[in-house]
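Participant: Below is one structure. I have some questions about it.
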Amino acid sequence: MLSKALLRLGASAARHPWRAIAAWLIAATLAVLAAVAFGGRTADSMTAPGLDSQRAAELIERAGTGQEGMTAQVVVTPLDDGATFFDHDGARTALTRLQTEVKRLPHVLGTSDPAGALEAGGGTAVRGGLVSADGRIAVVRVQYPDQSRLSADDLDALVELGDRLRAELPLRVEMGGNLFYAFSDPDGGVSELIGLLAAATILFLAFGSLVAAALPIGMAVFGLTVGVATMTVLAGVTDVPAFAPVLGSMVGLGVGIDYALFVLARHREYLARGLDPREAAGRAVATAGRPVVFAGGTVVVSILGLAVANVPFMTVGGVAVSIVVLIMVLASVTLLPAFLGAAGPRLARAGRIGRALQTRKPGRLAPRRDPSAGAAHAAGWRRWIGHVSRHPVPYAVGAAALLLTATLPVLGLRVGLPDDGSLPQSRTERRAYDLVAEGFGPGTNGPLVIAADPAGDAGVLDRLVTTVAADPGIASVAPTQIDRATGIATLVVFPTTSPQDKATTDTIARLRTDVLPKAIGHGPARAHVGGAAASLSDVGRRTSERLPAFVAAVLAMSFLLLMLIFRSVLVPLKAVLLNLLSIGAAYGIMVAVFQWGWGGALIGLEATVPIVSFIPTFLFAILFGLSMDYEVFLLSRVREEYLRTGDNGTAIVEGVSRTARIITSAALIMVAVFLSFAVAEDPSTKMFGLGLATAIFIDATVVRMVLVPATMTLLGRTNWWLPKWLDRMLPRGPVGTDDTDAESTGEASRPRLVDR
């Protein structure tokens with residue numbers, strides 16, 4: 001039985017706490033040393049097999065024209081507002097020096113030559129789109145090899161050169177390009193610290209003890225250290241996306257502190273009953289640890305389900321985040337009981353400040369015989385849950401209507417990728433983006449690359465250039481580059497709209513469905529649209545197409561797992577439907593904030609942006625798993641009470657009220673951690689933070705404290721209905737039964753509602 005295994009594990013760690021703590025210290029040290037010796041840096045590779053943009057990349061790689069590699073751009077303008085490049089020799093000389101020094105950087109294959117274009121004179125066409133029409137802005141495009149041959153050191157070298165040249169040349173120097181997107185350090189650091197401080201405050205208010213507040217934080221820091229170090233080692237083997245460490249930190253801190261909170265709360269209950277601290281720790285792991293194991297497993301399986309999308313970077317990102325969650329589960333059942341054993345009886349009492357915060361007259365409904373520390377606090381929740389249970393219909397209808405209303409904006413959801421124009425002005429990428437848009441048009445920030453294989457059709461390239469240039473969504477077409485060995489041609493084309501604009505996505509679709517087929521005809525030639533904007537558009541479309549299959553897989557898995565745990569058909573069905581409501585409401589709020597701009601200034605959003613294409617899928621996986629944390633924890637307690645009393649109404653009131661304070665505290669911690677990331681600079685990080693915080697808040701309040709008791713009251717004893725044939729098929733040992741307590745109290749009779 002899982003409970004017995006956890007009992008032995010927790011009791012052993014509590015009896016020998018310093019051994020367990022030393023083992024974790026050694027594990028953390030080894031993980032950090034491995035990360036330093038073998039780890040790599042995160043790198044984004046927004047591609048997937050079978051996409052048109054991937055086929056374009058494969059053709060470009062065959063041609064060897066250099067367009068398959070990474071790029072950066074250095075955007076410059078004179079510091080003297082009264083000068084232009086045409087009449088200011090000093091600025092022209094400075095530009096030449098800048099080009100020369102950029103060419104000398106490691107791994108740079110070549111650069112464009114705006115200085116040479118200026119010397120040649122002539123109009124915009126002669127200057128090749130490298131100098132703006134008014135001569136005020138010049139762009140040095142830097143070509144690098146394929147991403148696999150680069151590292152963050154190449155980005156660091158370019159940034160350091162820019163910092164030095166700003167001090168030495170009479171030029172304003174800004175930088176951008178996909179080299180920054182691939183190798184920039186993700187947001188984190190400060191956000192993690194803010195989240196930890198907020199979590200520590202909430203824990204202190206919940207337990208009234210500095211020791212009790214410190215233990216979950218300490219456990220989470222241990223687990224996060226091991227998890228992020230392991231993720232770094234993984235990055236040395238494969239491409240781990242840049243968002244994975246940020247997301248791993250968010251989810252790791254949230255679930256780690258939550259899981260520790262669940263176990264710690266049960267441990268304090270056992271201490272209040274007079275149990276020895278080591279026995280209390282073992283019993284706490286055996287009871288609260290079981291929901292932690294199953295809930296953590298649900299999170300991991302949900303996230304690993306991202307493989308259904310068949311997008312490699314999403315799969316690897318999911319694996320990386322899952323590693324952090326697994327480590328947090330392991331720490332909850334090994335490291336935490338060691339902390340509890342080392343703390344001894346000090347956790348049974350609150351400090352002086354804590355006693356003042358927790359002093360409260362017990363409510364009428366608080367049972368006098370219950371010695372648990374949370375009895376007085378549970379009284380208020382009993383009154384609330386009892387009130388909801390007496391009026392289930394209006395509360396169920398009202399809460400469901402509220403969530404459905406919040407979900408409505410999802411109908412206008414548009415996926416894409418926020419471009420550098422959505423970054424704050426403090427970032428050089430944003431300033432470079434604005435200069436390029438000002439001098440050359442917004443589409444210059446997101447060029448498309450058309451790769452064509454003429455296959456012997458001599459006239460196909462001329463037709464291709466003519467038809468592409470005539471499209472209303474294309475501003476200009478750069479000169480065609482042809483590889484003599486393979487005959488493969490590449491055309492760099494500049495849309496009229498910015499990379500994140502919906503019109504750019506429409507232009508890409510039109511090029512593929514109308515323009516290119518018209519130019520190629522029915523011959524053997526073929527052409528594909530690539531480039532960063534096209535790749536991201538393709539990834540967004542694939543994730544949207546695969547989302548229904550992914551959602552169905554996660555729902556089926558969750559339903560089966562909950563049916564196994566609670567031996568019921570209606571409880572897991574209701575849980576799945578309510579989780580969908582809370583996630584849908586979170587999606588709707590994200591659309592309202594990021595696409596419509598409602599309240600965007602509160603989180604530092606400077607412009608409306610589309611929802612990042614892969615975020616809805618990632619959020620669904622994570623949120624469904626996290627929602628199950630609360631579902632398993634709450635319903636496990638309801639199930640315990642039902643098996644003890646056989647009365648559905650009493651089980652709902654007692655089970656929900658006894659877990660309400662812990663769930664509320666856990667939700668506040670998660671919301672605080674996630675919101676600390678919502679104020680990061682990167683819009684993608686903001687979306688993850690706000691989406692997770694909103695969903696957890698809704699789930700722990702409207703769903704758990706209103707919809708769950710209301711719907712369970714309406715269903716009555718049928719909550720626990722299970723057909724006889726299905727009961728025989730399901731394996732025994734559900735997590736919802738408190739075997740440890742039953743053995744100690746002698747309660748052997750456990751009612752079940754099974755269809756005979």
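Ligands are numbered from 1 in the order shown, chains are lettered A, B, ... in the order of the structure tokens, and residues start at 1 in each chain.
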Just want the 9 Å neighbourhood of segment 615-629 of chain A, counted on only C-alpha atoms, with same-chain residues fewer than 3 positions away dropped. Output as an mmCIF file with C-alpha atoms, in the first residue's frame.

Facilitator:
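Printed below is result-v2.cif as written:
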```
data_model
loop_
_atom_site.group_PDB
_atom_site.id
_atom_site.type_symbol
_atom_site.label_atom_id
_atom_site.label_comp_id
_atom_site.auth_asym_id
_atom_site.auth_seq_id
_atom_site.Cartn_x
_atom_site.Cartn_y
_atom_site.Cartn_z
ATOM 1 C CA VAL A 251 5.618 25.975 -11.041
ATOM 2 C CA VAL A 255 3.805 23.299 -6.006
ATOM 3 C CA ASP A 258 1.907 23.973 -1.565
ATOM 4 C CA TYR A 259 2.863 20.341 -1.061
ATOM 5 C CA PRO A 291 -2.593 13.300 -2.269
ATOM 6 C CA VAL A 292 0.741 15.026 -2.885
ATOM 7 C CA PHE A 294 -1.030 11.575 -6.865
ATOM 8 C CA ALA A 295 -1.448 15.311 -7.485
ATOM 9 C CA GLY A 296 2.204 15.667 -8.460
ATOM 10 C CA GLY A 297 1.869 12.680 -10.744
ATOM 11 C CA THR A 298 -1.143 14.315 -12.374
ATOM 12 C CA VAL A 299 0.839 17.515 -12.987
ATOM 13 C CA VAL A 300 3.703 15.554 -14.527
ATOM 14 C CA VAL A 301 1.504 13.402 -16.762
ATOM 15 C CA SER A 302 -0.481 16.467 -17.893
ATOM 16 C CA ILE A 303 2.677 18.348 -18.822
ATOM 17 C CA LEU A 304 4.228 15.344 -20.562
ATOM 18 C CA GLY A 305 1.043 15.145 -22.619
ATOM 19 C CA LEU A 306 2.434 18.121 -24.543
ATOM 20 C CA ALA A 309 1.405 18.462 -30.165
ATOM 21 C CA MET A 314 7.332 22.145 -26.304
ATOM 22 C CA GLY A 318 7.513 19.963 -20.689
ATOM 23 C CA VAL A 415 -2.342 33.342 -31.239
ATOM 24 C CA THR A 543 -0.585 23.634 -31.597
ATOM 25 C CA SER A 544 -4.101 24.878 -32.321
ATOM 26 C CA LEU A 547 -5.020 21.138 -28.898
ATOM 27 C CA PHE A 550 -4.232 16.996 -26.200
ATOM 28 C CA VAL A 551 -7.172 18.259 -24.133
ATOM 29 C CA VAL A 554 -5.525 15.027 -20.398
ATOM 30 C CA LEU A 555 -9.234 14.920 -19.543
ATOM 31 C CA SER A 558 -7.518 12.864 -15.128
ATOM 32 C CA LEU A 562 -9.667 10.414 -10.002
ATOM 33 C CA ALA A 575 -13.983 17.674 -11.232
ATOM 34 C CA VAL A 576 -13.071 17.618 -14.917
ATOM 35 C CA ASN A 579 -11.532 22.505 -13.940
ATOM 36 C CA LEU A 580 -12.458 23.305 -17.529
ATOM 37 C CA SER A 582 -11.740 27.723 -14.227
ATOM 38 C CA ILE A 583 -9.182 27.311 -17.029
ATOM 39 C CA TYR A 587 -8.014 32.178 -20.821
ATOM 40 C CA ILE A 611 -1.372 35.339 -27.073
ATOM 41 C CA VAL A 612 1.873 33.423 -27.587
ATOM 42 C CA VAL A 632 -7.342 15.585 -4.605
ATOM 43 C CA PHE A 633 -6.489 17.287 -1.322
ATOM 44 C CA LEU A 634 -10.048 18.530 -0.715
ATOM 45 C CA SER A 684 5.508 35.703 -22.618
ATOM 46 C CA MET A 687 1.253 35.665 -19.813
ATOM 47 C CA PHE A 688 2.470 32.632 -17.918
ATOM 48 C CA GLY A 691 -2.643 33.088 -16.554
ATOM 49 C CA LEU A 692 -1.453 30.782 -13.768
ATOM 50 C CA ALA A 695 -6.674 30.317 -12.782
ATOM 51 C CA ILE A 696 -5.415 29.297 -9.335
ATOM 52 C CA ASP A 699 -10.058 27.548 -8.752
ATOM 53 C CA ALA A 700 -9.384 27.973 -5.030
#
```

Participant: Hey, what does DSSP flag as alpha helix (DSSP H) within segment 297-465 of chain A? Can you give it to me as a ChimeraX atom specification?

Facilitator: /A:297-304,312-343,352-358,375-390,392-407,428-440,460-465

Participant: Find the residues near segment 658-668 of chain A: any atom within 7 Å, counting only C-alpha atoms, skip ones fewer than 4 places away on the same chain, and give them as a PyMOL selection string.

Facilitator: chain A and resi 202+206+258+261-262+378+381+630+634+654+672+696-697+700

Participant: Go ahead and write the residues just picked, N, CA, C and O atoms, as a compact mmCIF listing (two decimals), in the first residue's frame.

Facilitator:
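Saved result, out_39.txt, follows:
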```
# COMPACT_ATOMS: atom_id res chain seq x y z
N ILE A 202 2.80 34.88 3.88
CA ILE A 202 1.52 34.17 3.95
C ILE A 202 1.62 32.96 4.87
O ILE A 202 0.71 32.69 5.67
N ALA A 206 -0.46 32.23 8.21
CA ALA A 206 -1.29 31.02 8.29
C ALA A 206 -0.98 30.20 9.53
O ALA A 206 -1.89 29.66 10.17
N ASP A 258 3.25 24.52 -1.78
CA ASP A 258 1.91 23.97 -1.56
C ASP A 258 1.97 22.57 -0.96
O ASP A 258 1.28 22.27 0.02
N LEU A 261 3.04 22.66 2.51
CA LEU A 261 1.97 23.22 3.35
C LEU A 261 0.95 22.14 3.71
O LEU A 261 0.49 22.05 4.86
N PHE A 262 0.58 21.31 2.74
CA PHE A 262 -0.39 20.25 3.00
C PHE A 262 0.13 19.28 4.08
O PHE A 262 -0.59 18.92 5.01
N ALA A 378 -11.64 26.76 11.52
CA ALA A 378 -12.54 26.01 10.65
C ALA A 378 -14.00 26.38 10.88
O ALA A 378 -14.84 26.12 10.02
N TRP A 381 -15.40 28.69 8.26
CA TRP A 381 -15.58 27.96 7.00
C TRP A 381 -16.76 27.00 7.09
O TRP A 381 -17.48 26.82 6.11
N TYR A 630 -5.58 20.64 -5.67
CA TYR A 630 -6.62 21.04 -4.72
C TYR A 630 -7.78 20.06 -4.72
O TYR A 630 -8.38 19.78 -3.67
N LEU A 634 -8.73 18.25 -1.30
CA LEU A 634 -10.05 18.53 -0.71
C LEU A 634 -10.92 17.28 -0.68
O LEU A 634 -11.49 16.91 0.36
N GLU A 654 -17.63 19.08 6.76
CA GLU A 654 -16.41 18.84 7.53
C GLU A 654 -15.18 18.79 6.62
O GLU A 654 -14.15 19.38 6.93
N ALA A 672 0.66 34.62 -5.32
CA ALA A 672 1.74 35.57 -5.07
C ALA A 672 2.98 35.23 -5.90
O ALA A 672 3.62 36.11 -6.49
N ILE A 696 -5.51 29.83 -10.69
CA ILE A 696 -5.42 29.30 -9.34
C ILE A 696 -6.34 30.06 -8.39
O ILE A 696 -7.02 29.47 -7.54
N PHE A 697 -6.41 31.39 -8.53
CA PHE A 697 -7.30 32.18 -7.69
C PHE A 697 -8.76 31.77 -7.89
O PHE A 697 -9.50 31.55 -6.93
N ALA A 700 -9.38 28.13 -6.48
CA ALA A 700 -9.38 27.97 -5.03
C ALA A 700 -10.51 28.73 -4.35
O ALA A 700 -10.80 28.49 -3.18
```

Participant: Find, counting only C-alpha atoms, the residue in A:Thr405, A:Thr230, A:Thr42, A:Thr287 that gets nearest to Leu581 of chain A.

Facilitator: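 So, comparing all the options, the nearest one is A:Thr405.
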
Participant: Which residues are close to Trp598 of chain A, i.e. within 12 Å by only C-alpha atoms, leaving aside same-chain residues fewer than 4 positions away? Reply as a list in words.

Facilitator: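 That gives Pro409, Gly588, Ile589, Met590, Val591, Ala592, Val593, Phe594, Leu602, Ile603, Gly604, Leu605, Glu606, Ala607, Thr608 and Val609 of chain A.
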
Participant: Could you please take those selected residues and save N, CA, C and O atoms as a compact mmCIF listing (two decimals), in the first residue's frame?

Facilitator:
```txt
# COMPACT_ATOMS: atom_id res chain seq x y z
N PRO A 409 -14.45 36.05 -23.66
CA PRO A 409 -13.40 36.64 -24.52
C PRO A 409 -12.56 35.62 -25.27
O PRO A 409 -11.89 35.98 -26.25
N GLY A 588 -9.98 33.60 -20.81
CA GLY A 588 -10.75 34.79 -21.15
C GLY A 588 -10.14 36.05 -20.58
O GLY A 588 -10.07 37.09 -21.25
N ILE A 589 -9.68 35.98 -19.34
CA ILE A 589 -9.06 37.15 -18.71
C ILE A 589 -7.74 37.49 -19.41
O ILE A 589 -7.40 38.67 -19.59
N MET A 590 -6.99 36.48 -19.83
CA MET A 590 -5.75 36.74 -20.57
C MET A 590 -6.04 37.48 -21.87
O MET A 590 -5.33 38.43 -22.23
N VAL A 591 -7.07 37.06 -22.60
CA VAL A 591 -7.43 37.74 -23.84
C VAL A 591 -7.81 39.19 -23.55
O VAL A 591 -7.39 40.12 -24.26
N ALA A 592 -8.59 39.42 -22.50
CA ALA A 592 -9.03 40.77 -22.17
C ALA A 592 -7.84 41.67 -21.82
O ALA A 592 -7.80 42.84 -22.20
N VAL A 593 -6.84 41.12 -21.12
CA VAL A 593 -5.70 41.93 -20.70
C VAL A 593 -4.72 42.14 -21.84
O VAL A 593 -4.33 43.28 -22.15
N PHE A 594 -4.31 41.07 -22.51
CA PHE A 594 -3.22 41.17 -23.48
C PHE A 594 -3.69 41.59 -24.87
O PHE A 594 -2.98 42.33 -25.55
N LEU A 602 -1.28 47.78 -15.39
CA LEU A 602 -1.02 47.33 -14.02
C LEU A 602 0.13 46.33 -13.96
O LEU A 602 0.78 46.19 -12.91
N ILE A 603 0.38 45.62 -15.05
CA ILE A 603 1.49 44.65 -15.07
C ILE A 603 2.60 45.12 -16.01
O ILE A 603 3.46 44.33 -16.41
N GLY A 604 2.58 46.40 -16.38
CA GLY A 604 3.65 46.95 -17.20
C GLY A 604 3.57 46.61 -18.66
O GLY A 604 4.58 46.68 -19.38
N LEU A 605 2.38 46.28 -19.16
CA LEU A 605 2.22 45.96 -20.58
C LEU A 605 2.08 47.26 -21.36
O LEU A 605 1.15 48.04 -21.12
N GLU A 606 3.00 47.52 -22.30
CA GLU A 606 3.04 48.79 -22.99
C GLU A 606 2.20 48.80 -24.26
O GLU A 606 1.90 49.87 -24.80
N ALA A 607 1.84 47.64 -24.78
CA ALA A 607 1.04 47.58 -26.00
C ALA A 607 0.29 46.25 -26.02
O ALA A 607 0.71 45.28 -25.40
N THR A 608 -0.84 46.23 -26.72
CA THR A 608 -1.58 44.97 -26.85
C THR A 608 -0.79 44.01 -27.72
O THR A 608 -0.13 44.41 -28.67
N VAL A 609 -0.90 42.74 -27.39
CA VAL A 609 -0.13 41.71 -28.09
C VAL A 609 -1.01 40.47 -28.26
O VAL A 609 -1.95 40.26 -27.48
```

Participant: For each of A:Val706, A:Ala680, A:Ala469, A:Val569, take the minimum atom-to-atom distance to Leu730 of chain A, counting only C-alpha atoms, then give the residue where this is smallest.

Facilitator: A:Val569
